[in-house]
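What follows is the content of my_file01.pdb, which has PDB, C-alpha atoms:
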ATOM      1  CA  MET A 727      66.531  40.307 -90.382
ATOM      2  CA  SER A 728      64.977  39.461 -87.039
ATOM      3  CA  PRO A 729      62.903  42.135 -85.276
ATOM      4  CA  VAL A 730      64.483  43.849 -82.257
ATOM      5  CA  ARG A 731      62.608  43.359 -78.910
ATOM      6  CA  HIS A 732      62.567  46.146 -76.335
ATOM      7  CA  THR A 733      62.168  44.700 -72.787
ATOM      8  CA  GLY A 734      63.410  47.704 -70.827
ATOM      9  CA  GLY A 735      59.890  49.065 -70.316
ATOM     10  CA  ARG A 736      58.622  45.985 -68.511
ATOM     11  CA  SER A 737      61.727  45.753 -66.336
ATOM     12  CA  GLY A 738      61.287  49.398 -65.381
ATOM     13  CA  ASP A 739      57.637  48.788 -64.470
ATOM     14  CA  HIS A 740      58.567  45.859 -62.232
ATOM     15  CA  GLY A 741      61.303  47.920 -60.517
ATOM     16  CA  PHE A 742      58.911  50.807 -59.926
ATOM     17  CA  VAL A 743      56.289  48.514 -58.385
ATOM     18  CA  LEU A 744      58.938  46.897 -56.164
ATOM     19  CA  VAL A 745      60.173  50.257 -54.916
ATOM     20  CA  ASN A 746      56.611  51.365 -54.141
ATOM     21  CA  ALA A 747      56.000  48.148 -52.288
ATOM     22  CA  LEU A 748      59.134  48.587 -50.215
ATOM     23  CA  VAL A 749      58.190  52.188 -49.419
ATOM     24  CA  LEU A 750      54.706  51.071 -48.371
ATOM     25  CA  VAL A 751      56.119  48.307 -46.179
ATOM     26  CA  ALA A 752      58.546  50.747 -44.565
ATOM     27  CA  ALA A 753      55.713  53.235 -43.950
ATOM     28  CA  LEU A 754      53.518  50.554 -42.427
ATOM     29  CA  ALA A 755      56.407  49.395 -40.255
ATOM     30  CA  ALA A 756      57.033  52.955 -39.074
ATOM     31  CA  LEU A 757      53.327  53.429 -38.384
ATOM     32  CA  ALA A 758      53.219  50.170 -36.459
ATOM     33  CA  THR A 759      56.269  51.215 -34.432
ATOM     34  CA  LEU A 760      54.679  54.601 -33.696
ATOM     35  CA  LEU A 761      51.426  52.994 -32.616
ATOM     36  CA  LEU A 762      53.272  50.536 -30.420
ATOM     37  CA  ALA A 763      55.322  53.356 -28.863
ATOM     38  CA  ARG A 764      52.191  55.364 -28.186
ATOM     39  CA  ALA A 765      50.497  52.310 -26.764
ATOM     40  CA  GLU A 766      53.484  51.728 -24.485
ATOM     41  CA  GLN A 767      53.464  55.364 -23.425
ATOM     42  CA  GLY A 768      49.747  55.142 -22.766
ATOM     43  CA  ARG A 769      50.252  51.960 -20.789
ATOM     44  CA  SER A 770      53.036  53.592 -18.777
ATOM     45  CA  ARG A 771      50.885  56.635 -18.082
ATOM     46  CA  LEU A 772      47.981  54.430 -17.102
ATOM     47  CA  GLU A 773      50.213  52.401 -14.796
ATOM     48  CA  ALA A 774      51.674  55.557 -13.266
ATOM     49  CA  GLY A 775      48.186  56.963 -12.781
ATOM     50  CA  LEU A 776      47.025  53.769 -11.102
ATOM     51  CA  GLU A 777      50.070  53.800  -8.814
ATOM     52  CA  ALA A 778      49.424  57.440  -7.917
ATOM     53  CA  ASP A 779      45.808  56.612  -7.070
ATOM     54  CA  GLN A 780      46.923  53.671  -4.949
ATOM     55  CA  LEU A 781      49.428  55.880  -3.100
ATOM     56  CA  MET A 782      46.702  58.410  -2.333
ATOM     57  CA  LEU A 783      44.376  55.658  -1.123
ATOM     58  CA  ALA A 784      47.134  54.355   1.156
ATOM     59  CA  LEU A 785      47.667  57.830   2.645
ATOM     60  CA  ASP A 786      43.901  58.258   3.026
ATOM     61  CA  ALA A 787      43.772  54.951   4.861
ATOM     62  CA  TYR A 788      46.505  56.052   7.267
ATOM     63  CA  ASP A 789      44.654  59.312   7.965
ATOM     64  CA  THR A 790      41.552  57.265   8.735
ATOM     65  CA  LEU A 791      43.587  55.085  11.087
ATOM     66  CA  ALA A 792      44.891  58.172  12.893
ATOM     67  CA  LEU A 793      41.413  59.697  13.153
ATOM     68  CA  THR A 794      40.039  56.457  14.576
ATOM     69  CA  GLN A 795      42.883  56.090  17.059
ATOM     70  CA  LEU A 796      42.426  59.623  18.397
ATOM     71  CA  ALA A 797      38.643  59.193  18.561
ATOM     72  CA  ARG A 798      39.081  56.063  20.695
ATOM     73  CA  ASP A 799      41.393  57.862  23.117
ATOM     74  CA  GLY A 800      39.033  58.480  26.007
ATOM     75  CA  GLY A 801      41.581  59.249  28.719
ATOM     76  CA  SER A 802      41.506  62.449  30.726
ATOM     77  CA  THR A 803      45.056  63.414  29.721
ATOM     78  CA  ASP A 804      47.303  63.225  26.662
ATOM     79  CA  HIS A 805      50.867  62.042  27.236
ATOM     80  CA  LEU A 806      53.653  60.306  25.345
ATOM     81  CA  GLY A 807      52.916  56.898  26.838
ATOM     82  CA  GLU A 808      49.593  56.555  25.049
ATOM     83  CA  ALA A 809      48.998  54.307  22.052
ATOM     84  CA  TRP A 810      48.557  57.176  19.589
ATOM     85  CA  ALA A 811      51.986  58.617  20.513
ATOM     86  CA  ARG A 812      53.932  55.401  19.997
ATOM     87  CA  PRO A 813      55.482  54.800  16.552
ATOM     88  CA  ARG A 814      53.711  52.120  14.522
ATOM     89  CA  PRO A 815      55.591  49.608  12.375
ATOM     90  CA  PRO A 816      55.076  50.035   8.613
ATOM     91  CA  LEU A 817      51.897  48.459   7.273
ATOM     92  CA  ALA A 818      52.490  46.153   4.304
ATOM     93  CA  LEU A 819      50.819  46.841   0.973
ATOM     94  CA  GLU A 820      50.928  44.806  -2.201
ATOM     95  CA  ARG A 821      54.275  45.857  -3.714
ATOM     96  CA  GLY A 822      54.860  48.477  -1.019
ATOM     97  CA  GLU A 823      54.099  49.817   2.448
ATOM     98  CA  VAL A 824      52.597  52.775   4.336
ATOM     99  CA  SER A 825      53.848  54.230   7.614
ATOM    100  CA  GLY A 826      53.356  57.307   9.739
ATOM    101  CA  GLN A 827      53.380  59.003  13.128
ATOM    102  CA  ILE A 828      50.888  61.047  15.162
ATOM    103  CA  ARG A 829      52.431  64.020  16.980
ATOM    104  CA  ASP A 830      50.909  66.334  19.555
ATOM    105  CA  LEU A 831      51.461  69.881  18.328
ATOM    106  CA  GLN A 832      50.531  71.455  21.661
ATOM    107  CA  GLY A 833      53.816  70.203  23.035
ATOM    108  CA  ARG A 834      55.643  72.591  20.706
ATOM    109  CA  PHE A 835      56.164  76.346  20.891
ATOM    110  CA  ASN A 836      53.292  78.043  19.087
ATOM    111  CA  ILE A 837      54.768  80.740  16.852
ATOM    112  CA  ASN A 838      51.428  82.575  16.801
ATOM    113  CA  TRP A 839      51.849  83.362  20.501
ATOM    114  CA  LEU A 840      54.393  85.939  19.345
ATOM    115  CA  SER A 841      51.673  87.900  17.522
ATOM    116  CA  ASN A 842      50.168  88.896  20.885
ATOM    117  CA  PRO A 843      52.116  91.804  22.447
ATOM    118  CA  ASP A 844      50.315  91.151  25.744
ATOM    119  CA  ASN A 845      52.026  87.774  26.123
ATOM    120  CA  PRO A 846      55.479  88.682  27.479
ATOM    121  CA  LEU A 847      55.994  85.138  28.726
ATOM    122  CA  ALA A 848      55.953  83.770  25.178
ATOM    123  CA  GLN A 849      58.279  86.524  23.977
ATOM    124  CA  ALA A 850      60.826  85.736  26.705
ATOM    125  CA  ALA A 851      60.449  81.957  26.372
ATOM    126  CA  PHE A 852      61.072  82.069  22.636
ATOM    127  CA  GLY A 853      64.271  84.012  23.154
ATOM    128  CA  ARG A 854      65.436  81.373  25.622
ATOM    129  CA  LEU A 855      64.496  78.597  23.196
ATOM    130  CA  LEU A 856      66.599  80.208  20.477
ATOM    131  CA  ALA A 857      69.533  80.452  22.890
ATOM    132  CA  ARG A 858      69.210  76.771  23.832
ATOM    133  CA  LEU A 859      69.240  75.844  20.143
ATOM    134  CA  GLY A 860      72.271  78.028  19.433
ATOM    135  CA  LEU A 861      70.347  80.410  17.148
ATOM    136  CA  ALA A 862      70.736  84.174  16.798
ATOM    137  CA  PRO A 863      68.434  86.269  19.024
ATOM    138  CA  GLN A 864      67.414  88.567  16.146
ATOM    139  CA  ILE A 865      65.445  85.659  14.675
ATOM    140  CA  ALA A 866      62.839  86.357  17.355
ATOM    141  CA  THR A 867      62.458  89.934  16.105
ATOM    142  CA  GLU A 868      62.094  88.811  12.488
ATOM    143  CA  ILE A 869      59.462  86.185  13.298
ATOM    144  CA  ARG A 870      57.573  88.494  15.664
ATOM    145  CA  SER A 871      57.286  91.106  12.918
ATOM    146  CA  PHE A 872      56.238  88.445  10.429
ATOM    147  CA  VAL A 873      53.327  87.157  12.537
ATOM    148  CA  THR A 874      52.121  90.490  13.943
ATOM    149  CA  PRO A 875      49.181  91.950  11.958
ATOM    150  CA  GLY A 876      50.157  95.143  10.160
ATOM    151  CA  ALA A 877      53.767  94.990  11.347
ATOM    152  CA  ARG A 878      56.600  96.012   9.058
ATOM    153  CA  SER A 879      60.041  94.643   9.762
ATOM    154  CA  LYS A 880      63.198  96.673   9.250
ATOM    155  CA  GLY A 881      64.166  94.259   6.506
ATOM    156  CA  GLN A 882      61.106  95.024   4.391
ATOM    157  CA  SER A 883      63.321  95.881   1.419
ATOM    158  CA  ARG A 884      64.590  92.304   1.391
ATOM    159  CA  TRP A 885      61.051  91.089   0.737
ATOM    160  CA  ARG A 886      60.752  93.351  -2.303
ATOM    161  CA  GLN A 887      64.043  92.044  -3.669
ATOM    162  CA  MET A 888      62.698  88.498  -3.789
ATOM    163  CA  ASP A 889      61.598  86.865  -7.026
ATOM    164  CA  PRO A 890      58.715  87.501  -7.249
ATOM    165  CA  PRO A 891      58.689  90.525  -4.910
ATOM    166  CA  GLN A 892      56.572  90.124  -1.781
ATOM    167  CA  ASP A 893      54.928  92.489   0.662
ATOM    168  CA  PRO A 894      53.703  90.503   3.693
ATOM    169  CA  VAL A 895      51.048  92.257   5.751
ATOM    170  CA  GLY A 896      51.759  90.155   8.840
ATOM    171  CA  GLY A 897      49.438  88.019  10.894
ATOM    172  CA  PRO A 898      49.121  84.558  12.449
ATOM    173  CA  LEU A 899      50.414  81.661  10.371
ATOM    174  CA  LEU A 900      48.492  78.639   9.134
ATOM    175  CA  SER A 901      51.636  76.500   9.112
ATOM    176  CA  ALA A 902      55.113  77.028  10.513
ATOM    177  CA  ASP A 903      56.428  76.109   7.057
ATOM    178  CA  GLN A 904      55.446  79.616   5.964
ATOM    179  CA  LEU A 905      58.624  80.778   7.696
ATOM    180  CA  THR A 906      60.758  79.230   4.950
ATOM    181  CA  ASP A 907      60.574  82.482   2.953
ATOM    182  CA  LEU A 908      61.513  84.715   5.891
ATOM    183  CA  PRO A 909      64.623  86.655   4.741
ATOM    184  CA  GLY A 910      66.138  86.797   8.232
ATOM    185  CA  LEU A 911      65.884  83.024   8.746
ATOM    186  CA  SER A 912      68.469  80.967   6.871
ATOM    187  CA  PRO A 913      67.577  77.456   5.671
ATOM    188  CA  ARG A 914      70.025  76.012   8.180
ATOM    189  CA  ALA A 915      68.527  77.985  11.076
ATOM    190  CA  TYR A 916      65.010  77.075   9.978
ATOM    191  CA  ALA A 917      65.903  73.363   9.871
ATOM    192  CA  ARG A 918      67.307  73.666  13.402
ATOM    193  CA  LEU A 919      64.204  75.447  14.717
ATOM    194  CA  ARG A 920      61.447  73.581  12.860
ATOM    195  CA  PRO A 921      61.103  70.477  15.101
ATOM    196  CA  TRP A 922      60.343  72.640  18.142
ATOM    197  CA  ILE A 923      57.710  75.004  16.752
ATOM    198  CA  THR A 924      54.199  74.901  15.350
ATOM    199  CA  ALA A 925      51.500  77.308  14.166
ATOM    200  CA  LEU A 926      48.166  76.996  15.994
ATOM    201  CA  PRO A 927      45.445  79.410  17.092
ATOM    202  CA  GLY A 928      46.856  81.961  19.508
ATOM    203  CA  ASP A 929      44.698  80.754  22.409
ATOM    204  CA  SER A 930      46.121  77.228  22.361
ATOM    205  CA  ARG A 931      47.895  76.045  25.502
ATOM    206  CA  LEU A 932      51.175  74.230  26.062
ATOM    207  CA  ASN A 933      50.666  70.567  26.965
ATOM    208  CA  VAL A 934      53.159  69.936  29.772
ATOM    209  CA  ASN A 935      52.803  66.174  29.287
ATOM    210  CA  THR A 936      54.132  66.203  25.720
ATOM    211  CA  ALA A 937      56.424  69.252  25.601
ATOM    212  CA  PRO A 938      60.069  68.291  25.008
ATOM    213  CA  PRO A 939      62.610  69.359  27.656
ATOM    214  CA  GLU A 940      63.922  72.197  25.449
ATOM    215  CA  VAL A 941      60.497  73.832  25.188
ATOM    216  CA  LEU A 942      59.550  73.180  28.803
ATOM    217  CA  ALA A 943      62.822  74.623  30.096
ATOM    218  CA  SER A 944      62.265  77.778  28.038
ATOM    219  CA  PHE A 945      59.136  78.488  30.082
ATOM    220  CA  LEU A 946      60.808  77.579  33.385
ATOM    221  CA  PRO A 947      64.076  79.557  33.355
ATOM    222  CA  ASP A 948      64.498  79.437  37.139
ATOM    223  CA  LEU A 949      64.221  75.660  37.335
ATOM    224  CA  PRO A 950      67.677  74.067  37.800
ATOM    225  CA  PRO A 951      68.615  71.251  35.395
ATOM    226  CA  ALA A 952      68.412  68.636  38.154
ATOM    227  CA  ALA A 953      64.920  69.826  39.095
ATOM    228  CA  LEU A 954      63.858  69.733  35.427
ATOM    229  CA  ALA A 955      65.160  66.168  35.119
ATOM    230  CA  ARG A 956      63.157  65.211  38.210
ATOM    231  CA  LEU A 957      60.057  66.855  36.758
ATOM    232  CA  LEU A 958      60.458  64.909  33.526
ATOM    233  CA  ARG A 959      60.861  61.635  35.413
ATOM    234  CA  LEU A 960      57.604  62.283  37.258
ATOM    235  CA  ARG A 961      55.898  63.082  33.983
ATOM    236  CA  ASP A 962      57.210  60.055  32.122
ATOM    237  CA  ARG A 963      55.563  57.645  34.541
ATOM    238  CA  SER A 964      52.027  58.386  33.375
ATOM    239  CA  GLY A 965      51.803  62.120  32.745
ATOM    240  CA  PHE A 966      50.530  64.811  35.094
ATOM    241  CA  ALA A 967      46.846  64.372  35.887
ATOM    242  CA  SER A 968      46.233  68.121  36.104
ATOM    243  CA  VAL A 969      47.929  71.450  35.531
ATOM    244  CA  ASP A 970      47.908  72.072  39.287
ATOM    245  CA  SER A 971      49.859  68.879  39.941
ATOM    246  CA  PHE A 972      52.439  69.996  37.395
ATOM    247  CA  LEU A 973      52.765  73.448  38.962
ATOM    248  CA  ILE A 974      53.156  71.941  42.417
ATOM    249  CA  ALA A 975      55.856  69.582  41.154
ATOM    250  CA  ALA A 976      57.638  72.405  39.335
ATOM    251  CA  ARG A 977      57.751  74.539  42.499
ATOM    252  CA  LEU A 978      59.055  71.788  44.786
ATOM    253  CA  PRO A 979      62.758  72.662  44.326
ATOM    254  CA  GLN A 980      62.080  76.272  45.356
ATOM    255  CA  GLU A 981      60.116  75.126  48.387
ATOM    256  CA  ASP A 982      62.873  72.672  49.324
ATOM    257  CA  ARG A 983      65.469  75.463  49.351
ATOM    258  CA  SER A 984      63.270  77.568  51.648
ATOM    259  CA  ASP A 985      62.815  74.809  54.255
ATOM    260  CA  ASN A 986      65.495  76.353  56.476
ATOM    261  CA  ASP A 987      63.740  79.709  56.515
ATOM    262  CA  ALA A 988      61.779  80.598  59.618
ATOM    263  CA  GLY A 989      58.081  80.006  59.194
ATOM    264  CA  THR A 990      56.178  79.014  56.097
ATOM    265  CA  GLU A 991      56.101  81.574  53.367
ATOM    266  CA  ASP A 992      53.293  81.911  50.867
ATOM    267  CA  PRO A 993      54.215  81.314  47.235
ATOM    268  CA  PRO A 994      55.351  84.543  45.548
ATOM    269  CA  GLU A 995      52.761  86.396  43.526
ATOM    270  CA  GLU A 996      52.964  85.697  39.839
ATOM    271  CA  THR A 997      54.258  88.444  37.612
ATOM    272  CA  PRO A 998      52.818  88.957  34.107
ATOM    273  CA  ALA A 999      55.778  86.976  32.725
ATOM    274  CA  SER A1000      55.272  83.969  35.019
ATOM    275  CA  LEU A1001      53.969  80.635  33.866
ATOM    276  CA  GLY A1002      50.339  80.240  34.928
ATOM    277  CA  ALA A1003      47.603  77.637  34.776
ATOM    278  CA  ASP A1004      45.767  79.590  32.071
ATOM    279  CA  GLN A1005      48.651  78.952  29.649
ATOM    280  CA  LEU A1006      49.068  75.228  30.290
ATOM    281  CA  ALA A1007      47.136  72.033  29.626
ATOM    282  CA  VAL A1008      47.377  68.277  30.154
ATOM    283  CA  GLN A1009      45.096  67.550  27.193
ATOM    284  CA  SER A1010      45.508  68.419  23.529
ATOM    285  CA  GLN A1011      43.239  69.345  20.660
ATOM    286  CA  TRP A1012      45.729  69.710  17.816
ATOM    287  CA  PHE A1013      47.639  66.818  16.276
ATOM    288  CA  ARG A1014      49.818  66.397  13.203
ATOM    289  CA  VAL A1015      49.938  63.201  11.158
ATOM    290  CA  ASP A1016      53.041  62.565   9.035
ATOM    291  CA  SER A1017      52.521  59.632   6.672
ATOM    292  CA  GLN A1018      54.506  58.067   3.820
ATOM    293  CA  ALA A1019      53.472  55.493   1.228
ATOM    294  CA  ARG A1020      55.671  53.517  -1.164
ATOM    295  CA  LEU A1021      54.570  51.417  -4.120
ATOM    296  CA  ASN A1022      57.175  49.839  -6.415
ATOM    297  CA  HIS A1023      59.470  52.744  -7.260
ATOM    298  CA  SER A1024      56.894  55.469  -6.546
ATOM    299  CA  ASP A1025      56.339  57.199  -3.227
ATOM    300  CA  ALA A1026      54.339  60.026  -1.669
ATOM    301  CA  ARG A1027      54.077  61.688   1.716
ATOM    302  CA  ARG A1028      51.462  63.769   3.466
ATOM    303  CA  ILE A1029      51.083  66.150   6.393
ATOM    304  CA  SER A1030      47.611  66.375   7.965
ATOM    305  CA  LEU A1031      46.453  68.679  10.759
ATOM    306  CA  LEU A1032      43.711  67.242  12.967
ATOM    307  CA  GLN A1033      41.618  69.037  15.576
ATOM    308  CA  ARG A1034      39.869  67.071  18.312
ATOM    309  CA  SER A1035      37.390  69.380  20.021
ATOM    310  CA  THR A1036      35.669  66.743  22.159
ATOM    311  CA  ARG A1037      37.242  63.638  23.657
ATOM    312  CA  GLY A1038      35.740  60.482  22.258
ATOM    313  CA  ALA A1039      34.569  62.290  19.114
ATOM    314  CA  ARG A1040      36.110  61.924  15.685
ATOM    315  CA  PRO A1041      38.603  64.769  15.039
ATOM    316  CA  ARG A1042      38.130  67.030  12.062
ATOM    317  CA  LEU A1043      40.647  67.461   9.277
ATOM    318  CA  ALA A1044      41.780  71.093   9.382
ATOM    319  CA  TRP A1045      44.098  70.877   6.366
ATOM    320  CA  GLN A1046      46.471  68.513   4.616
ATOM    321  CA  VAL A1047      49.338  68.807   2.151
ATOM    322  CA  THR A1048      50.439  65.914  -0.067
ATOM    323  CA  TYR A1049      53.863  65.752  -1.693
ATOM    324  CA  ARG A1050      54.387  63.597  -4.774
ATOM    325  CA  PRO A1051      57.513  63.241  -6.958
TER     326      PRO A1051
END

Reformat the file's structure so that it appears as structure tokens.
Amino acid sequence: MSPVRHTGGRSGDHGFVLVNALVLVAALAALATLLLARAEQGRSRLEAGLEADQLMLALDAYDTLALTQLARDGGSTDHLGEAWARPRPPLALERGEVSGQIRDLQGRFNINWLSNPDNPLAQAAFGRLLARLGLAPQIATEIRSFVTPGARSKGQSRWRQMDPPQDPVGGPLLSADQLTDLPGLSPRAYARLRPWITALPGDSRLNVNTAPPEVLASFLPDLPPAALARLLRLRDRSGFASVDSFLIAARLPQEDRSDNDAGTEDPPEETPASLGADQLAVQSQWFRVDSQARLNHSDARRISLLQRSTRGARPRLAWQVTYRP
């Protein structure tokens, strides 16, 4: 009788080793995939970080360009025909571009004027500006309460119902964008009002050379539309050289209507709510720079507030806000 051979043990050992080998290969493959995924994520993050840095450098460069352009402006007046006020074409970057615009903020209505109860002209002019823009007159009351130190508006309960609740103490604003949370100002009304207003120190003056017709007309309610159009045509040539020349030009229609009167009458005395030379300027100190940068599929934008205290000197950066996706 031949002996019986048992080969099942060796076959089982080979199968076990093969299974372990397959498990090890699968684990190594999974580990390799994980490492590659993490490497790709790291590469993507690194690339995104580099693009973000490049976007910030592009915005910094545009701010520098604006600062240099304003520092080189040595004229005696600031008007919309100057180089700094003209839109610049986008500047090409590798895989993108940067663009922007310098705007004179002293041509806008300064909301912080409303915090001074001794400035009835500003109070009346703002009401007229709202009417010209088709906005409700009670907006003036809401904003006046918001910017007046220690004031409490009638709608104070609406502030406490916000999430989170707020209790504004009132006072001058750093930026007009702070009005976005004002309960009495709807987003639609704010969007309508925003291009015409700014937030500057309360002693800033209105630049008659850069103020848009809507703002200028709000301070000159007795000036007929035809006279305002004539005033703007005079201004658009090269800007008024002085506040006095602007005031003389603004009063010409009134003087023309009085030509038939006997004798020459002195100009009427100014009332506290009349526009005076101490509230106007033909030069500006405060400018806003709006810039945008694009690189591949990434973009960023920035708002910078510049103050130029001395003509020919480099302005200082008062504040800036950068928005990134």

- line: Using all atoms listed in the file, the shortest atom-to-atom distance to Pro815 in chain A among A:Ser1024, A:Gln1011, A:Gln864, A:Ser1017 belongs to A:Ser1017

task: For CA of Ala818 in chain A and CA of Gln795 in chain A, quote the distance in Å rounded to one decimal.
output: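 CA of Gln795 in chain A lies 18.8 Å from CA of Ala818 in chain A.
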
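Computed from the coordinates, the CA of Phe1013 in chain A to CA of Ala811 in chain A distance equals 10.2 Å.
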
- request: Take the PyMOL selection byres ((chain A and resi 846-860) around 8), apply it to the structure above, and return the hits as an NGL selection string.
  value: :A and (835 or 839-840 or 843-845 or 861-863 or 866 or 918-919 or 940-941 or 944-945 or 998-1001)

Chain and number of each residue from the PyMOL selection byres ((chain A and resi 830) around 12), as a VMD selection string: chain A and resid 796 804 to 806 808 810 to 812 827 to 829 831 to 836 921 to 924 926 931 to 938 1008 to 1016 1031 to 1034

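The gap separating CA of Arg1042 in chain A from CA of Pro875 in chain A is 27.3 Å, in Å to one decimal.
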
query: Selected by the PyMOL selection byres ((chain A and resi 841) around 8) in the shown coordinates: which residues, as a VMD selection string?
result: chain A and resid 837 to 840 842 to 843 870 to 871 873 to 875 897 to 898 928

message: Measuring between all atoms listed in the file, which one of A:Thr759, A:Ser964, A:Ser971, A:Gln780 shows the shortest distance to Arg821 in chain A?
response: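 Answer, going by the shortest atom-to-atom distance: A:Gln780.
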
Residue with smallest distance to Asp789 in chain A - pool A:Leu958, A:Ala975, A:Ala1019, A:Val969, counting all atoms listed in the file: A:Ala1019

message: Using all atoms listed in the file, which protein or nucleic acid residues come within 8 Å of Gln1046 in chain A? Drop anything in the same chain fewer than 4 positions from it, and give the result as a VMD selection string.
response: chain A and resid 1028 to 1031

- prompt: Taking only C-alpha atoms into account, which of A:Arg798, A:Leu973, A:Glu868, A:Ala792 comes nearest Pro813 in chain A?
  reply: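 Looking only at the distances to Pro813 in chain A, the closest residue turns out to be A:Ala792.
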